[in-house]
Structure formats: structure tokens, C-alpha cells
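Below: the structure, in C-alpha cells.
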Amino acid sequence: IDAHILSAAGLKKVDTLNLECSDFEQYIEMFLTEGDGYCSSTNVSDLFPSSDFESSYSKCLGRMLQIQSLFRTNRKFEATDAVLLLSNDIERLSEKSDSDETKNKMLCLKAISNLWTSYLTEANPERIENSLSIAAHLNDELLKAHCLKLTGLVTGRSKLTHQLLVDAQKIFEARGEMEQALFVENNILDNNLFSDKIDVERATKLVDYVSGTLPYIRRSTTIFSNAAIAMMLAGKNVNAREVFSRAKSASGPPVNLLTSEVNALIADHIDGEVLDPTAVAKLTRRILRAGIDRNFNYHQALMFANLLKMSEGDAELTGHIRDILRRERFLEYEDFLDNAGALVRYVATKSYDPGATEPGQLGGVLGAFLERHGLFPAPHVFYR
């Protein structure tokens with residue numbers, strides 16, 4: 001069949017067919033690069049020769065493919081129970097492993113399961129660190145890069161995070177995994193928003209690259225939106241509004257697309273445009289009807305908080321948005337509902353510093369934007 005892959009030079013058309021993986025190492029490599037066709041065509045029993053637990057190992061690998069399929073189709077939280085079962089199976093099989101080779105294979109599966117747990121919870125940094133230790137033990141650079149992609153959950157948004165993300169990107173690029181390298185570039189850009197200076201040139205290059213690869217990039221709305229935020233924070237609002245228009249028509253899950261739409265309204269608002277009450281009311285209904293998982297309540301709370309702040313002066317519209325916030329109770333924000341600016345600051349703090357109990361001052365250029373405008377354009381990262 002014809003397919004497109006992302007190379008350093010851009011899109012490349014290739015002829016491809018499903019082949020079997022020759023050994024466990026190749027299987028994991030294909031799995032991590034989402035070559036599921038190779039994995040599903042492989043006789044899994046060949047990967048665990050002469051083992052008394054061959055069927056159990058096969059069951060683990062089958063469950064992993066099912067989980068990955070859920071992730072890819074934007075059904076992230078439907079995989080929660082399956083990831084827990086997988087982790088338990090791996091622990092049980094690890095105890096019964098009958099050779100060093102099999103134990104190392106189970107360690108590899110444990111590392112992947114750890115990363116998935118952190119991806120689902122956006123927490124559990126100790127699991128990421130454990131997976132990094134496993135990657136070092138196995139001398140597996142690709143697994144290491146996948147660990148480093150989640151490094152923000154361990155080190156926060158910081159200079160150290162920037163360097164670790166750059167390390168991950170270099171590994172992906174060296175292995176020709178350009179889509180993963182692109183996702184890491186997005187995370188580098190997100191990290192930069194919380195620094196003291198925005199790298200506009202980097203954001204512009206990212207937009208140009210992604211624009212040349214559409215429609216083959218998944219979740220491109222997030223990349224465009226983050227780049228547009230960077231331009232807006234740097235005072236390039238004309239450029240930002242144009243890129244936000246691309247974000248609104250790009251690909252991605254509903255929560256990302258709707259966030260891009262609200263971020264675009266923030267750019268319009270600070271340029272002096274008055275929100276259309278009818279359009280905003282329709283947007284609130286679309287957010288509520290989008291079927292966004294309750295685990296993303298903080299995203300919905302931030303969208304409505306920003307809309308409330310931008311609607312100040314329109315009593316009917318602000319009343320409508322407050323009614324939604326009271327009814328839906330996305331977060332525990334009741335004490336801030338009468339002050340839209342305080343509400344945005346509270347929700348932004350809870351979203352980007354989950355340990356905070358009161359609204360605080362977020363760092364970097366994005367934090368300064370929040371203090372100046374009382375609005376928080378929300379960036380998103382790729383943890384998978």
C-alpha cells in the first residue's frame with residue numbers, strides 16, 4: 001500500500017507492507033514507533049522460545065496493542081483499567097521469569113507500562129525515573145528518548161527540562177523518528193513559554209515545517225496553537241492570529257481543538273476586538289457537547305474562565321458562563337466565581353501547578369501575560 005512517512009526532508013511516499021518482526025528487540029522498536037502492522041503480523045510465540053509462560057507473554061503483548069490503539073484513537077482514559085491489568089501481569093510474570101534474557105524483556109515491558117501510567121495520570125514521576133533506569137540497564141536509546149519526552153512531569157518547566165527534551169529529540173532524529181522528534185519540539189516550545197524570553201524564530205520554523213506536512217501530522221492543532229501563543233507573547237499578534245486560524249482548522253481531539261479556538265479569541269481580544277455574544281454562547285454549548293472526558297476538567301474550567309474574563313461588560317453572557325461553571329463544577333473554584341481575573345489565575349495555577357491550593361504567580365513570559373491581561377492562553381504538550 002502507499003503510505004507517507006515523515007523524514008528530515010519532509011514527507012516521503014513509500015510502499016509498505018506488513019512484515020513479521022524477527023526478534024523481541026525489533027518487536028519493541030516497531031511497537032514504540034507505532035508499527036502495529038509489523039507487531040500484529042508477528043508470531044509472538046517466536047519471541048519467547050522455550051518458555052512455560054508463552055501464552056501469558058503473548059497475552060501481555062496483545063493487551064499492549066489494544067491499549068496503544070485506544071491511545072491513538074483519542075480514547076486515552078478508556079485504557080486506564082487495561083494499563084493497571086497490564087502492570088499487574090508484568091509484575092507477576094517478572095517473578096516467574098526463568099532466564100536473564102526473559103527478565104530483561106519483562107523489564108522493557110514494565111518501562112513502557114510505567115510511562116503509560118504517568119501519561120494517564122500526568123503524574124507519578126517516580127515511574128518515569130524507574131523507566132529511565134531500565135532504559136540505561138538495557139542500553140536502549142529509543143526507550144530512553146520516550147522517557148525523556150515526559151521529563152516535564154519530573155523536572156517541571158525549566159532549563160533542565162529544555163536540555164533533556166533536546167537530548168530526546170536528538171535520539172529520535174538520529175533514528176529517523178521524525179514525528180516523535182516533532183512532538184518533542186512542541187514540548188520544547190511549551191517549556192519556552194514559561195521562560196524569560198520567547199524564541200519566536202523557533203516557533204516560526206515549526207509552523208513552516210508543519211504547514212508543509214499537512215494533513216499527515218496528527219494533533220497539528222496543538223503545535224499551531226502553541227506556536228501562535230509564542231508569537232502573541234512576543235508581541236507578534238498579527239502573525240499569531242494567522243497561525244491561530246490554522247490551529248482551528250487543523251487536526252486533533254476535541255479538547256485540543258476547542259482550546260485552540262479559545263486561545264484564538266484571546267488574541268482577538270487583546271487586539272481590541274469585542275466578542276460576539278451569540279458566537280461565544282454557541283462555543284460554550286459546543287464545549288459542553290464535545291464529550292470531553294471528566295479527567296480533562298481543568299481544560300474545560302480554563303476555557304470557561306477565559307471566556308468569562310473576556311465577556312466582562314456583558315451581564316447576560318457572563319451570567320450564562322457563570323451558570324455553566326456552577327452547574328458543572330469542573331474544579332473547586334466557587335470562591336473565585338465573582339472575580340473573573342482571580343478565577344483565571346486560580347484555574348491556571350491548578351492546571352500548571354497541580355500542588356497549588358491558592359492562585360499564585362506563574363513564571364516566565366506566559367505568567368507575565370496572565371498578570372497583565374488576566375487571561376491565560378493554554379498550551380498543550382505531547383506526553384505520548
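Chain lettering (A, B, ...) mirrors the order of the C-alpha cells, residue numbering begins at 1 for each chain separately, and ligand numbering begins at 1 in order of display.
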Test item: residues at most 12 Å from A:Met303, only C-alpha atoms, excluding those fewer than 5 positions along its chain, as a PyMOL selection string: chain A and resi 255-266+280+283-284+286-288+296-298+308-310+321+324-325+330+343-344+347-348+351+375-379
Show which residues sit within 8 Å of A:Ile188, as JSON, numbers by chain. Count only C-alpha atoms, and ignore same-chain residues fewer than 6 positions away. {"A": [162, 165, 166]}
Could you check which of A:Glu29, A:Asp271, A:Asp196, A:Asp190 is closest to A:Thr222, using only C-alpha atoms? A:Asp190
How many Å lie between atom CA of A:Asn226 and atom CA of A:Asp353, rounded to one decimal?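 Interatomic distance, atom CA of A:Asn226 to atom CA of A:Asp353: 18.5 Å.
In this structure, atom CA of A:Asn237 sits 27.6 Å away from atom CA of A:Gly152.
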Go through stretch 97-200 of chain A and collect every residue that DSSP, computed from the backbone, puts in alpha helix (DSSP H); the answer should be as a ChimeraX atom specification. /A:100-121,125-138,141-149,152-155,159-174,178-193,200
Calculated over only C-alpha atoms, which of the candidates A:Val200, A:Leu138, A:Leu86, A:Leu182 has the smallest distance to A:Ser220?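 When distances to A:Ser220 are compared using only C-alpha atoms, the smallest one comes from A:Leu182.
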One decimal, Å: what's the distance from atom CA of A:Leu337 over to atom CA of A:Gln361, could you say? 18.7 Å
When distances are computed from only C-alpha atoms, which of A:Asp208, A:Glu371, A:Asp338, A:Glu185 shows the smallest separation from A:Ala168? A:Glu185
Find, counting only C-alpha atoms, the residue in A:Ala267, A:Ile198, A:Leu317, A:Leu302 that gets nearest to A:Ser225.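 Under the stated criterion, the closest residue is A:Ala267.
Residues with any atom within 12 Å of A:Ser133, counting only C-alpha atoms and excluding same-chain neighbours fewer than 4 positions away, are Leu107, Cys108, Lys110, Ala111, Asn114, Glu126, Arg127, Ile128, Glu129, His137, Leu138, Asn139, Asp140, Glu141, Leu143, Lys144, Cys147 and Leu148 of chain A.
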Need the shell around stretch 362-364 of chain A: protein/DNA/RNA residues with any atom at most 9 Å away, counting only C-alpha atoms. Skip same-chain ones fewer than 5 positions apart. Format as number ranges by chain? A: 192-197, 345, 348-349, 352-353, 369-371
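Remark: for A:Glu201, the closest of the candidate residues A:Ala181, A:Ala135, A:Val154, A:Ala230 is A:Ala230 (distances computed over only C-alpha atoms).
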Pull the strand (DSSP E or B) assignments for stretch 10-175 of chain A out of DSSP run on the backbone, and list those residues as a list in words. Gly10, Leu11, Lys12, Lys13, Val14 and Asp15 of chain A
Using the selection just defined, write its residues with N, CA and C atoms as a PDB file, in the first residue's frame.
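Here's the written file out.pdb:
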```pdb
ATOM      1  N   GLY A  10      11.112  16.198   5.118  1.00  0.00           N
ATOM      2  CA  GLY A  10       9.681  16.380   4.971  1.00  0.00           C
ATOM      3  C   GLY A  10       8.998  15.063   4.671  1.00  0.00           C
ATOM      4  N   LEU A  11       7.853  15.121   4.000  1.00  0.00           N
ATOM      5  CA  LEU A  11       7.089  13.916   3.708  1.00  0.00           C
ATOM      6  C   LEU A  11       7.742  13.101   2.612  1.00  0.00           C
ATOM      7  N   LYS A  12       7.701  11.788   2.784  1.00  0.00           N
ATOM      8  CA  LYS A  12       8.258  10.874   1.797  1.00  0.00           C
ATOM      9  C   LYS A  12       7.254   9.757   1.566  1.00  0.00           C
ATOM     10  N   LYS A  13       6.921   9.523   0.285  1.00  0.00           N
ATOM     11  CA  LYS A  13       5.983   8.473  -0.059  1.00  0.00           C
ATOM     12  C   LYS A  13       6.727   7.153  -0.180  1.00  0.00           C
ATOM     13  N   VAL A  14       6.167   6.121   0.432  1.00  0.00           N
ATOM     14  CA  VAL A  14       6.827   4.817   0.416  1.00  0.00           C
ATOM     15  C   VAL A  14       5.802   3.730   0.117  1.00  0.00           C
ATOM     16  N   ASP A  15       6.283   2.628  -0.386  1.00  0.00           N
ATOM     17  CA  ASP A  15       5.472   1.417  -0.496  1.00  0.00           C
ATOM     18  C   ASP A  15       5.764   0.569   0.723  1.00  0.00           C
TER      19      ASP A  15
END
```
Within 9 Å of A:Met231 using only C-alpha atoms, minus same-chain residues under 6 positions, as a PyMOL selection string: chain A and resi 198-200+203-204+237-241+243
Shortest interatomic distance to A:Leu65 - which of A:Cys39, A:Leu84, A:Leu132, A:Leu153, counting only C-alpha atoms: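 Comparing A:Cys39, A:Leu84, A:Leu132, A:Leu153 against A:Leu65, the winner is A:Cys39.
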